[in-house]
>>> print(open('data-v7.cif').read())   # mmCIF, C-alpha atoms
data_protein
#
loop_
_atom_site.label_atom_id
_atom_site.label_comp_id
_atom_site.auth_asym_id
_atom_site.auth_seq_id
_atom_site.Cartn_x
_atom_site.Cartn_y
_atom_site.Cartn_z
CA GLU A 17 188.26 173.69 49.77
CA LEU A 18 187.27 176.86 47.89
CA ILE A 19 183.56 175.97 48.03
CA LEU A 20 183.80 175.20 51.74
CA SER A 21 185.50 178.55 52.36
CA VAL A 22 182.82 180.39 50.37
CA LEU A 23 180.00 178.69 52.26
CA ARG A 24 181.58 179.52 55.61
CA LYS A 25 182.44 183.16 54.94
CA PHE A 26 179.88 184.59 52.53
CA PRO A 27 176.74 186.33 53.89
CA GLU A 28 173.70 184.11 54.35
CA ASP A 29 171.73 185.97 51.65
CA ILE A 30 174.31 184.92 49.08
CA ILE A 31 174.31 181.36 50.46
CA GLN A 32 170.58 181.12 49.68
CA ASP A 33 171.25 181.99 46.05
CA LEU A 34 174.12 179.48 45.82
CA GLY A 35 172.32 176.69 47.66
CA GLU A 36 170.52 175.05 44.76
CA MET A 37 173.61 175.32 42.57
CA PHE A 38 175.86 173.56 45.12
CA LEU A 39 173.51 171.01 46.70
CA PHE A 40 173.41 168.28 44.08
CA PRO A 41 177.12 168.43 43.11
CA LEU A 42 178.13 168.20 46.78
CA VAL A 43 175.89 165.17 47.35
CA LEU A 44 177.37 163.49 44.27
CA ARG A 45 180.89 164.14 45.59
CA VAL A 46 180.04 162.64 48.96
CA CYS A 47 178.57 159.56 47.26
CA ASN A 48 181.08 158.91 44.51
CA ASP A 49 184.43 160.69 44.97
CA GLU A 50 187.26 158.18 45.26
CA SER A 51 189.45 160.59 47.21
CA THR A 52 188.87 160.35 50.95
CA LYS A 53 190.02 163.93 51.40
CA CYS A 54 187.71 165.34 48.72
CA LYS A 55 184.81 163.31 50.06
CA ALA A 56 185.41 164.68 53.58
CA LEU A 57 185.63 168.27 52.32
CA ALA A 58 182.42 167.84 50.32
CA ALA A 59 180.71 166.43 53.42
CA ASP A 60 181.82 169.42 55.51
CA ALA A 61 180.64 171.83 52.80
CA LEU A 62 177.26 170.07 52.59
CA VAL A 63 176.73 170.36 56.36
CA VAL A 64 177.70 174.05 56.32
CA LEU A 65 175.40 174.74 53.36
CA LEU A 66 172.43 173.07 55.05
CA SER A 67 173.06 174.62 58.46
CA ARG A 68 173.37 178.17 57.03
CA SER A 69 170.36 177.89 54.73
CA LYS A 70 166.89 179.19 55.46
CA GLU A 71 164.10 176.92 56.68
CA GLU A 72 162.40 176.81 53.28
CA PHE A 73 165.57 175.55 51.59
CA ARG A 74 166.09 172.86 54.26
CA ARG A 75 162.45 171.80 53.98
CA ASN A 76 162.76 171.48 50.21
CA ALA A 77 166.02 169.56 50.58
CA TYR A 78 164.35 167.11 52.96
CA GLY A 79 161.47 166.60 50.54
CA LEU A 80 163.97 166.00 47.74
CA SER A 81 165.84 163.46 49.84
CA LEU A 82 162.62 161.47 50.42
CA GLN A 83 161.94 161.47 46.68
CA TRP A 84 165.42 160.09 46.07
CA LEU A 85 164.99 157.43 48.76
CA ARG A 86 161.78 156.22 47.11
CA SER A 87 163.32 156.20 43.63
CA GLU A 88 163.80 152.95 41.70
CA ARG A 89 167.37 154.00 40.88
CA ILE A 90 169.99 152.80 43.35
CA ALA A 91 172.18 155.87 42.74
CA LEU A 92 169.37 158.20 43.77
CA LYS A 93 168.56 156.07 46.83
CA ALA A 94 172.20 156.36 47.90
CA ALA A 95 172.13 160.13 47.31
CA GLY A 96 168.98 160.40 49.45
CA CYS A 97 170.71 158.58 52.30
CA GLN A 98 173.70 160.88 52.17
CA LEU A 99 171.61 164.04 52.00
CA ILE A 100 169.53 163.07 55.03
CA LEU A 101 172.62 161.94 56.95
CA HIS A 102 174.27 165.33 56.47
CA MET A 103 171.04 167.16 57.25
CA LYS A 104 171.01 165.29 60.57
CA LYS A 105 174.62 166.27 61.20
CA GLY A 106 173.69 169.89 60.59
CA GLY A 107 170.59 169.66 62.80
CA SER A 108 168.15 170.08 59.88
CA VAL A 109 166.51 166.68 60.44
CA SER A 110 165.84 166.04 64.10
CA SER A 111 162.10 165.64 64.75
CA GLU A 112 160.58 162.29 65.69
CA ARG A 113 158.21 162.54 62.71
CA GLN A 114 161.15 162.78 60.33
CA ASN A 115 163.03 159.93 62.03
CA VAL A 116 159.94 157.70 61.87
CA GLN A 117 159.41 158.55 58.21
CA VAL A 118 162.99 157.80 57.15
CA THR A 119 163.25 154.65 59.29
CA GLY A 120 160.09 153.25 57.70
CA ILE A 121 161.33 153.85 54.15
CA LEU A 122 164.77 152.36 54.78
CA THR A 123 163.40 149.30 56.58
CA GLU A 124 161.15 148.40 53.67
CA GLN A 125 163.96 148.87 51.15
CA LEU A 126 166.44 146.76 53.12
CA LYS A 127 164.28 143.69 52.54
CA VAL A 128 164.87 143.98 48.80
CA SER A 129 168.42 145.30 48.78
CA ILE A 130 169.99 142.52 50.88
CA LEU A 131 169.06 140.01 48.15
CA GLU A 132 171.25 141.78 45.57
CA GLU A 133 175.03 141.71 45.41
CA LYS A 134 175.71 144.42 42.83
CA ASN A 135 178.39 146.95 43.73
CA ALA A 136 175.91 149.84 43.54
CA THR A 137 173.53 147.99 45.85
CA LEU A 138 176.31 147.25 48.35
CA LYS A 139 177.20 150.95 48.41
CA TYR A 140 173.55 151.84 49.01
CA LEU A 141 173.34 149.24 51.80
CA CYS A 142 176.34 150.83 53.50
CA PHE A 143 174.80 154.31 53.22
CA ALA A 144 171.40 153.10 54.43
CA LEU A 145 172.86 151.24 57.43
CA THR A 146 175.04 154.23 58.32
CA LEU A 147 171.94 156.44 58.36
CA LEU A 148 169.97 153.88 60.40
CA GLU A 149 172.83 153.61 62.88
CA VAL A 150 172.60 157.37 63.51
CA ILE A 151 168.78 157.51 63.68
CA LEU A 152 168.47 154.46 65.96
CA GLN A 153 170.82 155.94 68.54
CA GLN A 154 167.74 157.79 69.77
CA ARG A 155 165.30 155.88 71.97
CA SER A 156 161.75 155.88 70.63
CA GLU A 157 158.50 154.26 71.77
CA HIS A 158 156.71 155.18 68.53
CA GLU A 159 154.77 152.16 67.22
CA GLU A 160 156.20 152.46 63.69
CA VAL A 161 159.77 152.64 64.98
CA VAL A 162 159.21 149.57 67.19
CA ARG A 163 157.83 147.71 64.16
CA CYS A 164 160.87 148.70 62.11
CA GLN A 165 163.27 147.70 64.87
CA ALA A 166 161.72 144.24 65.06
CA ALA A 167 161.80 143.93 61.25
CA ILE A 168 165.48 144.94 61.06
CA LEU A 169 166.42 142.45 63.78
CA GLY A 170 164.54 139.83 61.78
CA MET A 171 166.70 140.64 58.74
CA MET A 172 169.96 140.59 60.66
CA GLU A 173 170.88 137.01 59.70
CA SER A 174 170.52 137.87 56.01
CA LEU A 175 172.50 141.10 56.47
CA LEU A 176 175.37 139.24 58.10
CA LEU A 177 175.45 136.78 55.20
CA VAL A 178 176.06 139.58 52.67
CA PRO A 179 179.63 139.00 51.37
CA ASN A 180 180.85 142.47 52.31
CA VAL A 181 182.68 143.30 55.54
CA ALA A 182 181.49 146.91 55.60
CA VAL A 183 177.84 145.83 55.38
CA LYS A 184 178.34 143.24 58.12
CA THR A 185 180.11 145.72 60.38
CA LEU A 186 177.42 148.38 59.97
CA GLY A 187 174.75 145.73 60.49
CA THR A 188 176.19 144.79 63.88
CA LYS A 189 176.29 148.46 64.89
CA VAL A 190 172.65 148.93 63.92
CA MET A 191 171.77 145.79 65.88
CA LYS A 192 173.53 147.08 68.99
CA ASN A 193 171.75 150.45 68.79
CA ILE A 194 168.38 148.74 68.46
CA LEU A 195 169.01 146.45 71.43
CA VAL A 196 170.22 149.31 73.63
CA ASN A 197 167.51 151.81 72.68
CA SER A 198 164.44 149.73 71.82
CA CYS A 199 161.35 149.32 73.96
CA LYS A 200 161.32 146.63 76.62
CA ARG A 201 158.89 144.29 74.86
CA LEU A 202 161.54 143.49 72.25
CA HIS A 203 163.82 142.39 75.09
CA ALA A 204 161.38 139.66 76.14
CA ASP A 205 161.40 137.74 72.84
CA LEU A 206 163.25 134.52 73.65
CA ASP A 207 163.14 133.19 70.08
CA MET A 208 164.64 136.43 68.74
CA PHE A 209 167.34 136.38 71.41
CA GLN A 210 168.33 132.83 70.52
CA ARG A 211 168.36 133.49 66.76
CA LEU A 212 170.46 136.65 67.04
CA PHE A 213 172.92 135.10 69.45
CA LYS A 214 173.34 132.09 67.15
CA VAL A 215 173.90 134.37 64.15
CA LEU A 216 176.63 136.31 65.99
CA VAL A 217 178.33 133.14 67.25
CA ASN A 218 178.32 131.71 63.72
CA GLN A 219 180.02 134.88 62.47
CA LEU A 220 182.71 134.57 65.14
CA GLN A 221 183.46 131.06 63.89
CA GLU A 222 184.07 132.33 60.36
CA ASP A 223 187.43 133.48 59.04
CA ILE A 224 187.07 137.15 60.03
CA ASN A 225 189.49 139.95 60.79
CA GLU A 226 190.12 141.15 64.33
CA THR A 227 188.29 144.46 63.88
CA PHE A 228 185.06 142.80 62.77
CA GLY A 229 185.44 140.30 65.60
CA ASP A 230 185.53 143.19 68.07
CA ASP A 231 182.45 144.72 66.40
CA LEU A 232 180.55 141.47 66.97
CA ILE A 233 181.22 141.55 70.72
CA ALA A 234 179.20 144.76 71.30
CA PRO A 235 175.82 143.40 70.09
CA MET A 236 176.47 140.11 71.89
CA ALA A 237 177.04 142.02 75.12
CA ALA A 238 173.91 144.08 74.46
CA LEU A 239 171.87 140.90 73.94
CA VAL A 240 173.01 139.46 77.26
CA LYS A 241 172.55 142.74 79.11
CA GLU A 242 169.16 143.79 77.74
CA PHE A 243 167.37 140.45 77.53
CA HIS A 244 164.77 139.87 80.25
CA ILE A 245 165.84 136.66 81.98
CA ASP A 246 162.28 136.25 83.34
CA SER A 247 161.12 135.64 79.77
CA ILE A 248 162.71 132.18 79.78
CA PRO A 249 159.88 129.73 80.50
CA VAL A 250 160.33 127.34 83.42
CA ARG A 251 160.02 123.69 82.45
CA GLU A 252 157.44 121.65 84.33
CA SER A 253 160.16 119.25 85.45
CA ASP A 254 162.04 122.11 87.11
CA LYS A 255 159.16 123.72 88.99
CA ASN A 256 159.36 121.38 91.97
CA ASN A 257 163.13 121.23 92.15
CA ASN A 258 164.62 122.99 95.14
CA PHE A 259 168.26 123.87 94.73
CA PRO A 260 170.02 124.63 98.03
CA LEU A 261 171.57 128.08 97.97
CA ASP A 262 174.53 126.89 100.01
CA GLN A 263 175.45 124.12 97.57
CA ASP A 264 179.21 123.88 97.07
CA LEU A 265 179.61 124.82 93.43
CA SER A 266 183.34 124.18 93.55
CA SER A 267 182.93 120.46 94.24
CA SER A 268 184.62 117.95 92.00
CA ALA A 269 181.25 117.02 90.50
CA SER A 270 180.99 120.43 88.90
CA PRO A 271 183.04 121.09 85.75
CA SER A 272 185.56 123.90 85.79
CA GLY A 273 185.27 126.96 83.57
CA ARG A 274 187.91 125.53 81.24
CA GLU A 275 186.04 122.22 81.00
CA ILE A 276 182.82 124.06 80.16
CA LEU A 277 184.52 125.96 77.36
CA GLU A 278 185.94 122.71 75.99
CA LEU A 279 182.61 120.90 75.89
CA PRO A 280 181.58 119.99 72.31
#
>>> encode(input="data-v7.cif", output="structure tokens")
Amino acid sequence: ELILSVLRKFPEDIIQDLGEMFLFPLVLRVCNDESTKCKALAADALVVLLSRSKEEFRRNAYGLSLQWLRSERIALKAAGCQLILHMKKGGSVSSERQNVQVTGILTEQLKVSILEEKNATLKYLCFALTLLEVILQQRSEHEEVVRCQAAILGMMESLLLVPNVAVKTLGTKVMKNILVNSCKRLHADLDMFQRLFKVLVNQLQEDINETFGDDLIAPMAALVKEFHIDSIPVRESDKNNNFPLDQDLSSSASPSGREILELP
């Protein structure tokens, strides 16, 4: 609380001198403190520090965060995620170039991280997915972002098999943001639509808590809403069939909604 008060009230010239001294300890607190209150205060202080710092300091902090993200050490990768996340919250990271750069790094690292089940890796996965959820809220037609979106959707089955509810929950949120904000050509991939829908349905059939069940509904709704129905190929046997528009769909030959739900 004292550090947060200092960062809010002291003149900006003094903040510049204190910046380097406070930056790394605050990031470590955000990553590792077991107290929810202390972690929240450290996060607030980090945002204030970054928002009140000069452009040169923010530029250096961003460069440092990329170095951490590319590190072989999981702890530094996690710290890089948290630093960039709080720079975004403070408005220090907002350009498309920066979003493309970070999305590309995280996408490549997800492929490796989802194969590991160490506690440190699970923490990094949560931080990385949280950052991706924020970045992918913005619609982008950039070719690299579209490639990353497709790659992340391709990894979604593996992400949802990670034995960690937090990772699964964040994964579904990232999926929803991609489906809502991605370019239209991703919405015309029938195979992808079928795979993702099957993955979500399989999760609903597992022994899950109610909150995670609710989180699964959002990407399922996004799949149904965003998918281009015209992308479903018409079978040759159906091309010459003419279905009368005035057909009585309520006839006894047609199953009821309940009967449909009860079909094996």
>>> resolve_selection(input="data-v7.cif", expression="the PyMOL selection byres ((chain A and resi 215-229) around 12)", output="ChimeraX atom specification")
/A:169-189,191-192,208-214,230-239
>>> resolve_selection(input="data-v7.cif", expression="the PyMOL selection byres ((chain A and resi 139) around 12)", output="ChimeraX atom specification")
/A:47-48,90-95,97-98,129-130,132-138,140-146,180-183,186
>>> write_last_selection(input="data-v7.cif", atoms="C-alpha atoms", output="short mmCIF file (atom, residue, chain, number, x, y, z; two decimals), in the coordinates of the input")
data_model
loop_
_atom_site.label_atom_id
_atom_site.label_comp_id
_atom_site.auth_asym_id
_atom_site.auth_seq_id
_atom_site.Cartn_x
_atom_site.Cartn_y
_atom_site.Cartn_z
CA CYS A 47 178.57 159.56 47.26
CA ASN A 48 181.08 158.91 44.51
CA ILE A 90 169.99 152.80 43.35
CA ALA A 91 172.18 155.87 42.74
CA LEU A 92 169.37 158.20 43.77
CA LYS A 93 168.56 156.07 46.83
CA ALA A 94 172.20 156.36 47.90
CA ALA A 95 172.13 160.13 47.31
CA CYS A 97 170.71 158.58 52.30
CA GLN A 98 173.70 160.88 52.17
CA SER A 129 168.42 145.30 48.78
CA ILE A 130 169.99 142.52 50.88
CA GLU A 132 171.25 141.78 45.57
CA GLU A 133 175.03 141.71 45.41
CA LYS A 134 175.71 144.42 42.83
CA ASN A 135 178.39 146.95 43.73
CA ALA A 136 175.91 149.84 43.54
CA THR A 137 173.53 147.99 45.85
CA LEU A 138 176.31 147.25 48.35
CA TYR A 140 173.55 151.84 49.01
CA LEU A 141 173.34 149.24 51.80
CA CYS A 142 176.34 150.83 53.50
CA PHE A 143 174.80 154.31 53.22
CA ALA A 144 171.40 153.10 54.43
CA LEU A 145 172.86 151.24 57.43
CA THR A 146 175.04 154.23 58.32
CA ASN A 180 180.85 142.47 52.31
CA VAL A 181 182.68 143.30 55.54
CA ALA A 182 181.49 146.91 55.60
CA VAL A 183 177.84 145.83 55.38
CA LEU A 186 177.42 148.38 59.97
#
>>> residues_near_point(input="data-v7.cif", point="(180.9, 173.9, 56.3)", cutoff="7 Å", atoms="only C-alpha atoms", output="list of chain:residue names")
A:Leu20, A:Leu23, A:Arg24, A:Asp60, A:Ala61, A:Leu62, A:Val63, A:Val64, A:Leu65
>>> residues_around(input="data-v7.cif", residues="Tyr78 in chain A", least_positions_apart="4", cutoff="7 Å", atoms="only C-alpha atoms", output="list in words")
Arg74, Leu82 and Ile100 of chain A
>>> residues_around(input="data-v7.cif", residues="Gly96 in chain A", least_positions_apart="6", cutoff="9 Å", atoms="all atoms listed in the file", output="list in words")
Val43, Tyr78, Leu80, Ser81, Leu82, Gln83, Trp84, Leu85 and Arg86 of chain A
>>> resolve_selection(input="data-v7.cif", expression="the PyMOL selection byres ((chain A and resi 38) around 12)", output="number ranges by chain")
A: 19-20, 22-23, 31-37, 39-45, 58-59, 61-66, 69, 77
>>> atom_distance(input="data-v7.cif", atom1="CA of Val116 in chain A", atom2="CA of Val161 in chain A")
5.9 Å
>>> residues_around(input="data-v7.cif", residues="Val162 in chain A", least_positions_apart="2", cutoff="12 Å", atoms="only C-alpha atoms", output="list of chain:residue names")
A:Val116, A:Thr119, A:Gly120, A:Thr123, A:Leu152, A:Arg155, A:Ser156, A:Glu157, A:His158, A:Glu159, A:Glu160, A:Cys164, A:Gln165, A:Ala166, A:Ala167, A:Ile168, A:Leu169, A:Ile194, A:Leu195, A:Asn197, A:Ser198, A:Cys199, A:Lys200, A:Arg201, A:Leu202, A:His203
>>> atom_distance(input="data-v7.cif", atom1="CA of Asn115 in chain A", atom2="CA of Glu242 in chain A")
23.3 Å
>>> closest_residue(input="data-v7.cif", among="A:Glu112, A:Leu57, A:Asn193, A:Gln125", to="Ser21 in chain A", atoms="only C-alpha atoms")
A:Leu57
>>> atom_distance(input="data-v7.cif", atom1="CA of Leu18 in chain A", atom2="CA of Arg68 in chain A")
16.7 Å
>>> axis_aligned_box(input="data-v7.cif", around="range 175-178 of chain A", padding_each_side="8 Å", output="JSON")
{"center_x": 174.3, "center_y": 138.9, "center_z": 55.4, "size_x": 19.6, "size_y": 20.3, "size_z": 21.4}
